[in-house]
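Asker: Hey, dropping run.pdb in here, PDB, C-alpha atoms:
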ATOM      1  CA  MET A   1     -10.532   9.276  19.772
ATOM      2  CA  ILE A   2      -6.912  10.356  20.205
ATOM      3  CA  ARG A   3      -7.252  12.637  17.195
ATOM      4  CA  ASP A   4      -9.478  14.979  19.214
ATOM      5  CA  PHE A   5      -6.498  15.784  21.455
ATOM      6  CA  ILE A   6      -4.280  16.979  18.584
ATOM      7  CA  SER A   7      -5.358  20.584  18.205
ATOM      8  CA  SER A   8      -3.108  21.614  15.333
ATOM      9  CA  PRO A   9      -1.294  18.963  13.241
ATOM     10  CA  LYS A  10       2.149  20.081  12.102
ATOM     11  CA  LEU A  11       1.558  19.257   8.427
ATOM     12  CA  LYS A  12      -1.234  21.221   6.742
ATOM     13  CA  PHE A  13      -3.390  20.411   3.717
ATOM     14  CA  GLY A  14      -1.358  20.155   0.527
ATOM     15  CA  GLU A  15       1.850  21.136   2.314
ATOM     16  CA  ASP A  16       5.021  19.583   0.907
ATOM     17  CA  LEU A  17       7.051  17.449   3.279
ATOM     18  CA  PHE A  18      10.841  17.528   3.182
ATOM     19  CA  ILE A  19      13.059  15.188   5.206
ATOM     20  CA  ASP A  20      16.836  15.662   4.965
ATOM     21  CA  ASP A  21      16.184  17.985   1.992
ATOM     22  CA  ILE A  22      14.362  15.167   0.160
ATOM     23  CA  LYS A  23      10.875  16.017  -1.069
ATOM     24  CA  ILE A  24       8.298  13.399  -0.081
ATOM     25  CA  ILE A  25       5.846  12.698  -2.899
ATOM     26  CA  SER A  26       2.236  12.616  -1.706
ATOM     27  CA  GLY A  27       0.131   9.517  -2.168
ATOM     28  CA  GLN A  28       2.901   6.923  -2.380
ATOM     29  CA  MET A  29       5.358   5.171  -0.103
ATOM     30  CA  ASN A  30       8.711   6.945  -0.180
ATOM     31  CA  ILE A  31      11.917   5.319   1.063
ATOM     32  CA  ILE A  32      14.702   7.695   2.029
ATOM     33  CA  ARG A  33      18.224   7.090   3.273
ATOM     34  CA  ILE A  34      19.825   9.355   5.884
ATOM     35  CA  ASN A  35      23.537   9.111   6.593
ATOM     36  CA  ALA A  36      24.429   8.823  10.275
ATOM     37  CA  GLY A  37      28.206   8.643  10.023
ATOM     38  CA  LYS A  38      30.980   6.087   9.652
ATOM     39  CA  ILE A  39      32.432   3.302  11.741
ATOM     40  CA  PRO A  40      36.230   2.763  12.066
ATOM     41  CA  SER A  41      36.299   0.527   8.955
ATOM     42  CA  ASP A  42      35.149   3.604   6.961
ATOM     43  CA  ASN A  43      31.797   1.964   6.215
ATOM     44  CA  ARG A  44      28.854   4.344   6.267
ATOM     45  CA  ILE A  45      25.948   3.841   8.643
ATOM     46  CA  ASN A  46      22.638   4.815   7.047
ATOM     47  CA  VAL A  47      19.144   5.008   8.491
ATOM     48  CA  PHE A  48      16.272   4.078   6.184
ATOM     49  CA  ALA A  49      12.854   5.681   6.638
ATOM     50  CA  HIS A  50       9.609   4.725   4.925
ATOM     51  CA  VAL A  51       7.357   7.762   4.572
ATOM     52  CA  PHE A  52       3.722   7.875   3.470
ATOM     53  CA  HIS A  53       2.391  11.419   3.141
ATOM     54  CA  THR A  54      -1.231  11.611   2.034
ATOM     55  CA  GLY A  55      -1.319  15.384   1.618
ATOM     56  CA  ILE A  56      -4.712  15.271   3.380
ATOM     57  CA  PRO A  57      -5.066  17.006   6.769
ATOM     58  CA  GLY A  58      -4.376  14.673   9.659
ATOM     59  CA  PRO A  59      -1.861  13.699  12.320
ATOM     60  CA  SER A  60       1.754  12.843  11.581
ATOM     61  CA  VAL A  61       3.030   9.731  13.357
ATOM     62  CA  LEU A  62       6.545   8.368  13.876
ATOM     63  CA  ILE A  63       6.805   4.585  14.267
ATOM     64  CA  LEU A  64      10.321   3.707  15.405
ATOM     65  CA  GLY A  65      12.162   0.435  15.982
ATOM     66  CA  GLY A  66      15.693  -0.720  16.649
ATOM     67  CA  VAL A  67      16.968   2.068  18.877
ATOM     68  CA  HIS A  68      18.790  -0.815  20.543
ATOM     69  CA  GLY A  69      20.213  -3.073  17.849
ATOM     70  CA  ASN A  70      19.660  -6.405  19.624
ATOM     71  CA  GLU A  71      16.005  -5.747  20.469
ATOM     72  CA  ILE A  72      14.674  -7.581  17.463
ATOM     73  CA  ASN A  73      11.022  -7.912  18.482
ATOM     74  CA  GLY A  74      10.638  -4.151  18.122
ATOM     75  CA  ILE A  75      12.395  -4.275  14.753
ATOM     76  CA  GLU A  76      10.230  -7.170  13.561
ATOM     77  CA  ILE A  77       7.003  -5.452  14.644
ATOM     78  CA  VAL A  78       7.788  -2.368  12.590
ATOM     79  CA  ARG A  79       9.153  -4.391   9.655
ATOM     80  CA  ARG A  80       6.096  -6.632   9.568
ATOM     81  CA  SER A  81       3.756  -3.647   9.743
ATOM     82  CA  ILE A  82       5.286  -2.545   6.430
ATOM     83  CA  GLU A  83       5.131  -6.050   4.951
ATOM     84  CA  GLU A  84       1.455  -6.367   5.879
ATOM     85  CA  GLN A  85       0.772  -3.054   4.101
ATOM     86  CA  ILE A  86      -0.934  -1.484   7.086
ATOM     87  CA  TYR A  87       0.012   1.952   5.794
ATOM     88  CA  SER A  88      -1.505   1.465   2.349
ATOM     89  CA  GLY A  89      -4.868   2.040   4.036
ATOM     90  CA  ILE A  90      -3.935   5.470   5.453
ATOM     91  CA  ILE A  91      -6.660   7.947   4.493
ATOM     92  CA  SER A  92      -5.208  11.097   6.046
ATOM     93  CA  GLY A  93      -2.096  12.469   7.668
ATOM     94  CA  THR A  94       1.448  11.151   7.463
ATOM     95  CA  VAL A  95       3.390   8.174   8.815
ATOM     96  CA  ILE A  96       7.178   7.974   9.106
ATOM     97  CA  ILE A  97       8.333   4.405   9.719
ATOM     98  CA  ILE A  98      11.899   3.564  10.758
ATOM     99  CA  PRO A  99      12.244  -0.197  11.402
ATOM    100  CA  LEU A 100      15.915  -0.080  12.381
ATOM    101  CA  LEU A 101      17.650   2.982  13.822
ATOM    102  CA  ASN A 102      20.771   1.369  15.311
ATOM    103  CA  VAL A 103      22.157  -0.460  12.276
ATOM    104  CA  TYR A 104      25.550  -1.129  13.875
ATOM    105  CA  GLY A 105      23.989  -2.712  16.964
ATOM    106  CA  PHE A 106      21.796  -4.951  14.813
ATOM    107  CA  ILE A 107      24.728  -6.219  12.763
ATOM    108  CA  ASN A 108      26.750  -6.981  15.902
ATOM    109  CA  PHE A 109      23.940  -8.322  18.131
ATOM    110  CA  THR A 110      24.492  -5.534  20.627
ATOM    111  CA  ARG A 111      22.413  -2.887  22.343
ATOM    112  CA  ASP A 112      24.888  -0.082  21.667
ATOM    113  CA  VAL A 113      26.860   1.354  18.737
ATOM    114  CA  SER A 114      30.557   0.984  17.892
ATOM    115  CA  ASP A 115      31.687   3.520  20.511
ATOM    116  CA  GLY A 116      29.954   1.543  23.256
ATOM    117  CA  LYS A 117      27.341   4.235  23.856
ATOM    118  CA  ASP A 118      23.588   3.824  24.152
ATOM    119  CA  VAL A 119      21.607   5.733  21.511
ATOM    120  CA  ASN A 120      18.706   5.974  23.961
ATOM    121  CA  ARG A 121      20.903   7.891  26.403
ATOM    122  CA  SER A 122      22.349  10.182  23.712
ATOM    123  CA  PHE A 123      19.375  12.398  22.792
ATOM    124  CA  PRO A 124      18.931  15.021  21.490
ATOM    125  CA  GLY A 125      22.329  14.332  19.939
ATOM    126  CA  HIS A 126      24.917  16.507  18.242
ATOM    127  CA  ILE A 127      26.237  16.779  14.686
ATOM    128  CA  ASN A 128      29.842  16.611  15.967
ATOM    129  CA  GLY A 129      29.194  14.029  18.664
ATOM    130  CA  SER A 130      29.813  10.299  18.959
ATOM    131  CA  LEU A 131      28.095   7.864  16.581
ATOM    132  CA  ALA A 132      25.333   7.321  19.149
ATOM    133  CA  SER A 133      24.857  11.087  19.376
ATOM    134  CA  ARG A 134      24.785  11.455  15.589
ATOM    135  CA  VAL A 135      22.208   8.684  15.230
ATOM    136  CA  ALA A 136      20.044  10.321  17.918
ATOM    137  CA  ARG A 137      20.334  13.665  16.141
ATOM    138  CA  ILE A 138      18.728  12.218  12.995
ATOM    139  CA  ILE A 139      15.536  11.677  14.960
ATOM    140  CA  SER A 140      15.712  14.937  16.928
ATOM    141  CA  LYS A 141      16.503  17.280  14.037
ATOM    142  CA  LYS A 142      15.214  15.594  10.894
ATOM    143  CA  ILE A 143      12.184  13.585  12.052
ATOM    144  CA  LEU A 144      10.598  14.973  15.239
ATOM    145  CA  PRO A 145       9.947  18.465  13.762
ATOM    146  CA  ASN A 146       7.569  16.755  11.309
ATOM    147  CA  VAL A 147       5.522  14.601  13.688
ATOM    148  CA  ASP A 148       2.725  15.028  16.217
ATOM    149  CA  ILE A 149       3.107  11.760  18.151
ATOM    150  CA  ALA A 150       5.638   8.919  18.307
ATOM    151  CA  ILE A 151       5.735   5.215  19.163
ATOM    152  CA  ASP A 152       9.068   3.624  20.060
ATOM    153  CA  PHE A 153       9.203  -0.199  19.896
ATOM    154  CA  HIS A 154      11.591  -2.014  22.220
ATOM    155  CA  THR A 155      12.369  -5.513  23.510
ATOM    156  CA  GLY A 156      13.536  -6.721  26.898
ATOM    157  CA  GLY A 157      17.252  -6.903  27.679
ATOM    158  CA  GLU A 158      19.586  -9.861  27.437
ATOM    159  CA  ALA A 159      17.771 -12.963  28.776
ATOM    160  CA  ARG A 160      15.108 -10.682  30.282
ATOM    161  CA  TYR A 161      11.599 -11.211  29.006
ATOM    162  CA  ASN A 162       9.082  -8.374  29.159
ATOM    163  CA  TYR A 163       5.400  -9.248  28.986
ATOM    164  CA  PRO A 164       3.941  -6.990  26.216
ATOM    165  CA  GLN A 165       3.452  -3.580  27.817
ATOM    166  CA  VAL A 166       3.316   0.123  27.040
ATOM    167  CA  ARG A 167       5.231   2.712  29.062
ATOM    168  CA  TYR A 168       4.209   6.351  29.216
ATOM    169  CA  ASN A 169       4.551   9.627  31.090
ATOM    170  CA  LYS A 170       1.402  10.016  33.170
ATOM    171  CA  SER A 171       1.712  13.826  33.178
ATOM    172  CA  ASP A 172       1.378  13.845  29.369
ATOM    173  CA  LEU A 173      -2.361  13.659  28.569
ATOM    174  CA  LEU A 174      -1.979  12.601  24.941
ATOM    175  CA  ALA A 175       0.643   9.966  25.758
ATOM    176  CA  THR A 176      -1.748   8.598  28.397
ATOM    177  CA  LYS A 177      -4.558   8.436  25.824
ATOM    178  CA  MET A 178      -2.269   6.670  23.356
ATOM    179  CA  ALA A 179      -1.241   4.090  25.951
ATOM    180  CA  ALA A 180      -4.865   3.391  26.834
ATOM    181  CA  CYS A 181      -5.727   2.382  23.268
ATOM    182  CA  PHE A 182      -2.634   0.223  22.678
ATOM    183  CA  GLY A 183      -4.366  -3.004  23.643
ATOM    184  CA  THR A 184      -1.670  -4.286  26.005
ATOM    185  CA  ARG A 185      -2.489  -5.949  29.284
ATOM    186  CA  TYR A 186      -0.096  -3.717  31.209
ATOM    187  CA  LEU A 187       0.134   0.081  31.058
ATOM    188  CA  ILE A 188       3.159   1.215  33.029
ATOM    189  CA  GLU A 189       3.607   4.721  34.353
ATOM    190  CA  GLN A 190       7.280   5.527  33.884
ATOM    191  CA  PRO A 191       9.001   8.881  34.438
ATOM    192  CA  LEU A 192      11.010  10.394  31.609
ATOM    193  CA  LEU A 193      14.688   9.400  31.610
ATOM    194  CA  ALA A 194      17.381  11.997  30.929
ATOM    195  CA  ASN A 195      18.742  11.949  27.359
ATOM    196  CA  SER A 196      16.198   9.342  26.253
ATOM    197  CA  PHE A 197      14.113   9.471  23.090
ATOM    198  CA  ARG A 198      10.914  10.018  25.090
ATOM    199  CA  LYS A 199      12.475  12.952  26.947
ATOM    200  CA  ALA A 200      13.746  14.528  23.699
ATOM    201  CA  ALA A 201      10.289  14.140  22.154
ATOM    202  CA  PHE A 202       8.587  15.580  25.245
ATOM    203  CA  ASP A 203      10.911  18.599  25.151
ATOM    204  CA  VAL A 204       9.619  19.499  21.673
ATOM    205  CA  ASN A 205       5.973  18.790  22.537
ATOM    206  CA  VAL A 206       5.769  15.416  20.794
ATOM    207  CA  PRO A 207       4.004  12.878  23.049
ATOM    208  CA  ALA A 208       5.782   9.513  22.835
ATOM    209  CA  VAL A 209       5.143   6.077  24.284
ATOM    210  CA  VAL A 210       7.365   2.990  24.449
ATOM    211  CA  PHE A 211       6.248  -0.553  23.695
ATOM    212  CA  GLU A 212       8.206  -3.356  25.379
ATOM    213  CA  GLY A 213       7.828  -7.045  24.562
ATOM    214  CA  GLY A 214       9.879 -10.238  24.597
ATOM    215  CA  GLU A 215      13.633 -10.572  25.134
ATOM    216  CA  SER A 216      16.618  -9.567  23.019
ATOM    217  CA  ILE A 217      17.858 -11.783  20.147
ATOM    218  CA  ARG A 218      14.714 -13.942  20.325
ATOM    219  CA  LEU A 219      11.484 -13.434  18.390
ATOM    220  CA  ASP A 220       8.310 -13.708  20.477
ATOM    221  CA  LYS A 221       4.982 -14.284  18.722
ATOM    222  CA  LEU A 222       2.815 -12.757  21.471
ATOM    223  CA  SER A 223       4.896  -9.563  21.566
ATOM    224  CA  ILE A 224       4.954  -9.211  17.775
ATOM    225  CA  MET A 225       1.220  -9.713  17.327
ATOM    226  CA  THR A 226       0.442  -7.384  20.241
ATOM    227  CA  GLY A 227       2.738  -4.705  18.793
ATOM    228  CA  ILE A 228       1.226  -4.887  15.310
ATOM    229  CA  ASN A 229      -2.263  -4.648  16.775
ATOM    230  CA  ALA A 230      -1.122  -1.638  18.828
ATOM    231  CA  ILE A 231      -0.075   0.188  15.650
ATOM    232  CA  LYS A 232      -3.461  -0.494  14.094
ATOM    233  CA  ASN A 233      -5.257   0.606  17.268
ATOM    234  CA  VAL A 234      -3.387   3.921  17.394
ATOM    235  CA  LEU A 235      -3.878   4.672  13.681
ATOM    236  CA  PHE A 236      -7.578   3.817  13.981
ATOM    237  CA  SER A 237      -7.974   6.028  17.044
ATOM    238  CA  LEU A 238      -6.295   8.836  15.114
ATOM    239  CA  GLY A 239      -8.824   8.452  12.289
ATOM    240  CA  MET A 240      -6.042   7.489   9.865
ATOM    241  CA  ILE A 241      -7.353   4.020   8.959
ATOM    242  CA  GLU A 242     -10.911   2.724   8.797
ATOM    243  CA  ASP A 243     -10.824  -1.048   8.305
ATOM    244  CA  HIS A 244      -9.993  -2.064  11.856
ATOM    245  CA  GLU A 245     -11.853  -3.160  14.966
ATOM    246  CA  LEU A 246     -10.717  -2.305  18.479
ATOM    247  CA  ILE A 247     -10.836  -5.520  20.508
ATOM    248  CA  PRO A 248     -11.057  -4.862  24.247
ATOM    249  CA  LEU A 249      -9.023  -7.061  26.583
ATOM    250  CA  LYS A 250     -10.665  -8.948  29.396
ATOM    251  CA  GLU A 251      -8.190  -7.439  31.846
ATOM    252  CA  GLN A 252      -5.967  -4.373  31.682
ATOM    253  CA  PHE A 253      -3.914  -2.930  34.506
ATOM    254  CA  ILE A 254      -2.189   0.376  35.128
ATOM    255  CA  ILE A 255       1.071  -0.333  36.944
ATOM    256  CA  ARG A 256       1.976   2.634  39.131
ATOM    257  CA  LYS A 257       4.970   1.203  41.004
ATOM    258  CA  ASN A 258       7.260  -1.689  40.194
ATOM    259  CA  ASN A 259      10.478  -3.256  41.418
ATOM    260  CA  TRP A 260      12.775  -6.222  40.794
ATOM    261  CA  ILE A 261      13.218  -9.225  43.046
ATOM    262  CA  ARG A 262      16.929 -10.105  42.940
ATOM    263  CA  ALA A 263      18.982 -13.222  43.498
ATOM    264  CA  SER A 264      20.104 -13.741  47.091
ATOM    265  CA  PHE A 265      22.261 -16.662  46.034
ATOM    266  CA  PRO A 266      24.254 -17.489  42.854
ATOM    267  CA  GLY A 267      23.743 -20.668  40.860
ATOM    268  CA  LEU A 268      21.375 -22.434  38.485
ATOM    269  CA  PHE A 269      18.074 -20.552  38.214
ATOM    270  CA  ILE A 270      14.852 -22.544  37.785
ATOM    271  CA  TRP A 271      11.717 -20.413  37.703
ATOM    272  CA  SER A 272       8.194 -21.660  38.355
ATOM    273  CA  LYS A 273       6.372 -18.352  37.797
ATOM    274  CA  LYS A 274       6.619 -16.199  34.687
ATOM    275  CA  SER A 275       5.662 -12.879  33.181
ATOM    276  CA  GLY A 276       1.920 -12.313  33.071
ATOM    277  CA  ASP A 277       1.304 -14.214  36.316
ATOM    278  CA  PHE A 278      -0.198 -12.641  39.422
ATOM    279  CA  VAL A 279       1.598 -13.524  42.644
ATOM    280  CA  ASN A 280       1.044 -12.887  46.321
ATOM    281  CA  LYS A 281       3.630 -11.801  48.846
ATOM    282  CA  GLY A 282       5.332 -14.930  50.171
ATOM    283  CA  ASP A 283       4.698 -17.031  47.037
ATOM    284  CA  LYS A 284       7.517 -19.187  45.747
ATOM    285  CA  LEU A 285       8.630 -17.935  42.318
ATOM    286  CA  GLY A 286      11.475 -20.341  41.630
ATOM    287  CA  GLU A 287      14.680 -21.842  42.979
ATOM    288  CA  ILE A 288      18.404 -21.237  42.728
ATOM    289  CA  LYS A 289      20.609 -24.339  43.118
ATOM    290  CA  ASP A 290      24.356 -24.632  43.448
ATOM    291  CA  PRO A 291      26.051 -26.721  40.727
ATOM    292  CA  TYR A 292      27.203 -29.387  43.213
ATOM    293  CA  GLY A 293      23.788 -30.486  44.413
ATOM    294  CA  THR A 294      24.373 -29.414  48.007
ATOM    295  CA  LYS A 295      22.224 -26.297  48.356
ATOM    296  CA  SER A 296      18.928 -24.917  47.069
ATOM    297  CA  VAL A 297      17.442 -21.494  47.836
ATOM    298  CA  ASP A 298      13.818 -20.559  47.155
ATOM    299  CA  VAL A 299      13.031 -17.275  45.418
ATOM    300  CA  ILE A 300      10.162 -15.723  47.382
ATOM    301  CA  SER A 301       8.009 -12.798  46.292
ATOM    302  CA  THR A 302       8.297  -9.789  48.568
ATOM    303  CA  TYR A 303       5.296  -8.156  46.861
ATOM    304  CA  SER A 304       1.756  -8.949  45.817
ATOM    305  CA  GLY A 305       1.278  -7.955  42.196
ATOM    306  CA  HIS A 306       1.779  -8.758  38.518
ATOM    307  CA  ILE A 307       4.986 -10.164  37.037
ATOM    308  CA  ILE A 308       5.681  -7.799  34.131
ATOM    309  CA  GLY A 309       9.121  -9.248  33.343
ATOM    310  CA  HIS A 310      11.361 -12.152  34.293
ATOM    311  CA  ASN A 311      14.906 -13.387  33.771
ATOM    312  CA  ASN A 312      15.348 -16.361  31.440
ATOM    313  CA  ALA A 313      19.019 -16.862  32.295
ATOM    314  CA  SER A 314      19.890 -20.406  33.385
ATOM    315  CA  VAL A 315      22.777 -19.246  35.562
ATOM    316  CA  VAL A 316      22.538 -16.161  37.767
ATOM    317  CA  SER A 317      24.928 -14.220  39.977
ATOM    318  CA  LEU A 318      24.314 -12.706  43.372
ATOM    319  CA  GLY A 319      22.089  -9.635  42.987
ATOM    320  CA  ASP A 320      20.849 -10.399  39.452
ATOM    321  CA  ALA A 321      17.339  -9.188  38.657
ATOM    322  CA  LEU A 322      14.966 -12.171  38.507
ATOM    323  CA  PHE A 323      11.329 -11.040  38.572
ATOM    324  CA  HIS A 324       9.936  -7.593  37.771
ATOM    325  CA  ILE A 325       6.816  -7.069  39.883
ATOM    326  CA  GLY A 326       4.178  -4.377  39.395
ATOM    327  CA  TYR A 327       3.011  -4.103  42.987
ATOM    328  CA  GLU A 328       0.913  -0.929  42.951
ATOM    329  CA  TYR A 329      -1.692  -1.318  40.257
ATOM    330  CA  GLU A 330      -5.224  -0.507  39.174
ATOM    331  CA  LYS A 331      -7.546  -2.609  37.028
ATOM    332  CA  ILE A 332      -9.215  -0.656  34.217
TER     333      ILE A 332
END
In structure tokens, what does this structure look like?

Answerer:
Amino acid sequence: MIRDFISSPKLKFGEDLFIDDIKIISGQMNIIRINAGKIPSDNRINVFAHVFHTGIPGPSVLILGGVHGNEINGIEIVRRSIEEQIYSGIISGTVIIIPLLNVYGFINFTRDVSDGKDVNRSFPGHINGSLASRVARIISKKILPNVDIAIDFHTGGEARYNYPQVRYNKSDLLATKMAACFGTRYLIEQPLLANSFRKAAFDVNVPAVVFEGGESIRLDKLSIMTGINAIKNVLFSLGMIEDHELIPLKEQFIIRKNNWIRASFPGLFIWSKKSGDFVNKGDKLGEIKDPYGTKSVDVISTYSGHIIGHNNASVVSLGDALFHIGYEYEKI
């Protein structure tokens, strides 16, 4: 179990938990509001956190969604986990659940905040920084000091669909163990990115993994159900819930290297392969046609491997990313 790899949980037996100077009452779900700053209209941006602190020794887990405001599958996974009362069955430890971090981005159907900056490239943040930096600082300074591990739920970019997958730092043993129990078909080794949430967590010894599923501004049933099951799997493996069964997948793959196949011609994009498919080098993946009916170009795979993401755009430009292929992989 993952719990065996957490030698010393940050929160001890009977210890009071304070977040943003608010005392968390043990044994009940607490909802706290943390101010992140203001937008030019003078409206405040607040981050809401649901906190369940049992007061019984055990791990402390952060479950985070909506770092990018338009990635609604991640938001819906975390929101639905609250609605389904997964956390009412917690028997030890603490969970901090933030369904929506980037409130501004959610309201405006955008990845970024009002200053055009990416929260996930603004960690660890600064109290006197931009709005993105201030939002990041809430997690770095007010949340991460209280947790042992973290799960960050994301969705694919605009018109880009990601097959449900977990991304982790292979040099982090606990993050690797977490990824293995997620229950996703694809486990993707991904280095830490500068100024990202995962890097900020790693720097303070908090192992973190990222779930990716679906595409932005579109709910995807497979991604949502996979994400909710991943939360249950992790909590069960931490010994924090009991009424759950780990269901092994028929096939799981570690993706060690991946790359995008890009458009060599602009026009109308019609794909014949999709995320989750296995393809061989030389296979036809789709076609790009000019709007006048005079030219058609086949999209050919330059790798043998698994399609872990694809572009759903109907019209593409020269060089656009079309198919994300995991070409160095291992079945587990």

Asker: May I ask for the distance between CA of Phe253 (chain A) and CA of Met1 (chain A), given in Å to one decimal place?

Answerer: 20.2 Å

Asker: Emit as JSON the padded axis-aligned box for all listed atoms of region 117-125 of chain A, 6 Å per side, with centre and edge lengths in Å to one decimal.

Answerer:
{"center_x": 23.0, "center_y": 9.4, "center_z": 23.2, "size_x": 20.6, "size_y": 23.2, "size_z": 18.5}

Asker: Leaving out Phe182 (chain A) and any residue of its chain fewer than 5 positions from it, which residues lie within 8 Å of it when counting all atoms listed in the file, given as a list in words?

Answerer: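 Here the qualifying residues turn out to be Val166, Asn229, Ala230, Ile231, Asn233 and Val234 of chain A.
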
Asker: Which residues match the PyMOL selection byres ((chain A and resi 93) around 8) in the file above, as JSON, numbers by chain?

Answerer: {"A": [11, 53, 54, 55, 56, 57, 58, 59, 60, 90, 91, 92, 94, 95, 240]}

Asker: Using the chain letters and residue numbers of this document, give as a VMD selection string the residues selected by the PyMOL selection byres ((chain A and resi 254) around 10).

Answerer: chain A and resid 166 to 167 179 to 180 185 to 189 252 to 253 255 to 257 326 328 to 332

Asker: Here's a test: counting only C-alpha atoms, identify every protein, DNA and RNA residue with an atom at most 7 Å from (9.0, 18.9, 16.3) in the file's coordinate frame, and state them as a list in words.

Answerer: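 Residues lying no farther than 7 Å from the given point: Leu144, Pro145, Asn146, Val147, Val204, Asn205 and Val206 of chain A.
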
Asker: With distances taken over only C-alpha atoms, which of A:His50, A:Glu158, A:Ile86, A:Ile63 is nearest to Glu242 (chain A)?

Answerer: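 Smallest distance to Glu242 (chain A) is found for A:Ile86.
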
Asker: Name the residues that the PyMOL selection byres ((chain A and resi 107-114) around 10) pulls out of this structure, and write them as number ranges by chain.

Answerer: A: 38-40, 66-72, 102-106, 115-120, 130-133, 135, 157-158, 216-217

Asker: Could you tell me how far CA of Ala36 (chain A) lies from CA of Ile138 (chain A), in Å and to one decimal?

Answerer: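 Computed distance, CA of Ala36 (chain A) to CA of Ile138 (chain A), equals 7.2 Å.
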
Asker: I'd like the interatomic distance between CA of Asp20 (chain A) and CA of Gly65 (chain A), to a tenth of an Å.

Answerer: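 Computing the Euclidean distance for CA of Asp20 (chain A) and CA of Gly65 (chain A) yields 19.4 Å.
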
Asker: Closest to Lys23 (chain A) among A:Leu318, A:Val51, A:Ile307, A:Cys181, using only C-alpha atoms?

Answerer: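 Comparing A:Leu318, A:Val51, A:Ile307, A:Cys181 against Lys23 (chain A), the winner is A:Val51.
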
Asker: Taking all atoms listed in the file into account, which of A:Ile2, A:Gln190, A:Ile75, A:Arg218 comes nearest Leu173 (chain A)?

Answerer: A:Ile2

Asker: Compile a residue-level contact table for region 199-297 of chain A against region 309-317 of chain A at a cut-off of 12 Å, reporting for every qualifying residue the shortest atom pair and its distance in Å to one decimal, with all atoms listed in the file counted, rows ordered by chain and ascending number, as CSV.

Answerer:
residue,atom,partner,partner_atom,distance
A:Glu212,CA,A:Gly309,CA,9.9
A:Gly213,CA,A:Gly309,CA,9.1
A:Gly214,CA,A:Gly309,CA,8.8
A:Glu215,CA,A:Asn312,CA,8.7
A:Ser216,CA,A:Asn312,CA,10.9
A:Arg218,CA,A:Asn312,CA,11.4
A:Asn258,CA,A:Gly309,CA,10.4
A:Asn259,CA,A:Gly309,CA,10.1
A:Trp260,CA,A:Gly309,CA,8.8
A:Ile261,CA,A:His310,CA,9.4
A:Arg262,CA,A:Ser317,CA,9.5
A:Ala263,CA,A:Ser317,CA,7.0
A:Ser264,CA,A:Ser317,CA,8.6
A:Phe265,CA,A:Ser317,CA,7.1
A:Pro266,CA,A:Ser317,CA,4.4
A:Gly267,CA,A:Val315,CA,5.6
A:Leu268,CA,A:Val315,CA,4.5
A:Phe269,CA,A:Ser314,CA,5.2
A:Ile270,CA,A:Ser314,CA,7.0
A:Trp271,CA,A:Asn312,CA,8.3
A:Ser272,CA,A:His310,CA,10.8
A:Lys273,CA,A:His310,CA,8.7
A:Lys274,CA,A:His310,CA,6.2
A:Ser275,CA,A:Gly309,CA,5.0
A:Gly276,CA,A:Gly309,CA,7.8
A:Asp277,CA,A:Gly309,CA,9.7
A:Phe278,CA,A:Gly309,CA,11.6
A:Leu285,CA,A:His310,CA,10.3
A:Gly286,CA,A:His310,CA,11.0
A:Glu287,CA,A:Val316,CA,11.0
A:Ile288,CA,A:Val316,CA,8.2
A:Lys289,CA,A:Val315,CA,9.4
A:Asp290,CA,A:Val315,CA,9.7
A:Pro291,CA,A:Val315,CA,9.7

Asker: Please produce a file of the residues just selected, as an mmCIF file, keeping the file's coordinate frame, where the atoms kept are C-alpha atoms.

Answerer:
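Written out: again.cif:
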data_model
loop_
_atom_site.group_PDB
_atom_site.id
_atom_site.type_symbol
_atom_site.label_atom_id
_atom_site.label_comp_id
_atom_site.auth_asym_id
_atom_site.auth_seq_id
_atom_site.Cartn_x
_atom_site.Cartn_y
_atom_site.Cartn_z
ATOM 1 C CA GLU A 212 8.206 -3.356 25.379
ATOM 2 C CA GLY A 213 7.828 -7.045 24.562
ATOM 3 C CA GLY A 214 9.879 -10.238 24.597
ATOM 4 C CA GLU A 215 13.633 -10.572 25.134
ATOM 5 C CA SER A 216 16.618 -9.567 23.019
ATOM 6 C CA ARG A 218 14.714 -13.942 20.325
ATOM 7 C CA ASN A 258 7.260 -1.689 40.194
ATOM 8 C CA ASN A 259 10.478 -3.256 41.418
ATOM 9 C CA TRP A 260 12.775 -6.222 40.794
ATOM 10 C CA ILE A 261 13.218 -9.225 43.046
ATOM 11 C CA ARG A 262 16.929 -10.105 42.940
ATOM 12 C CA ALA A 263 18.982 -13.222 43.498
ATOM 13 C CA SER A 264 20.104 -13.741 47.091
ATOM 14 C CA PHE A 265 22.261 -16.662 46.034
ATOM 15 C CA PRO A 266 24.254 -17.489 42.854
ATOM 16 C CA GLY A 267 23.743 -20.668 40.860
ATOM 17 C CA LEU A 268 21.375 -22.434 38.485
ATOM 18 C CA PHE A 269 18.074 -20.552 38.214
ATOM 19 C CA ILE A 270 14.852 -22.544 37.785
ATOM 20 C CA TRP A 271 11.717 -20.413 37.703
ATOM 21 C CA SER A 272 8.194 -21.660 38.355
ATOM 22 C CA LYS A 273 6.372 -18.352 37.797
ATOM 23 C CA LYS A 274 6.619 -16.199 34.687
ATOM 24 C CA SER A 275 5.662 -12.879 33.181
ATOM 25 C CA GLY A 276 1.920 -12.313 33.071
ATOM 26 C CA ASP A 277 1.304 -14.214 36.316
ATOM 27 C CA PHE A 278 -0.198 -12.641 39.422
ATOM 28 C CA LEU A 285 8.630 -17.935 42.318
ATOM 29 C CA GLY A 286 11.475 -20.341 41.630
ATOM 30 C CA GLU A 287 14.680 -21.842 42.979
ATOM 31 C CA ILE A 288 18.404 -21.237 42.728
ATOM 32 C CA LYS A 289 20.609 -24.339 43.118
ATOM 33 C CA ASP A 290 24.356 -24.632 43.448
ATOM 34 C CA PRO A 291 26.051 -26.721 40.727
#
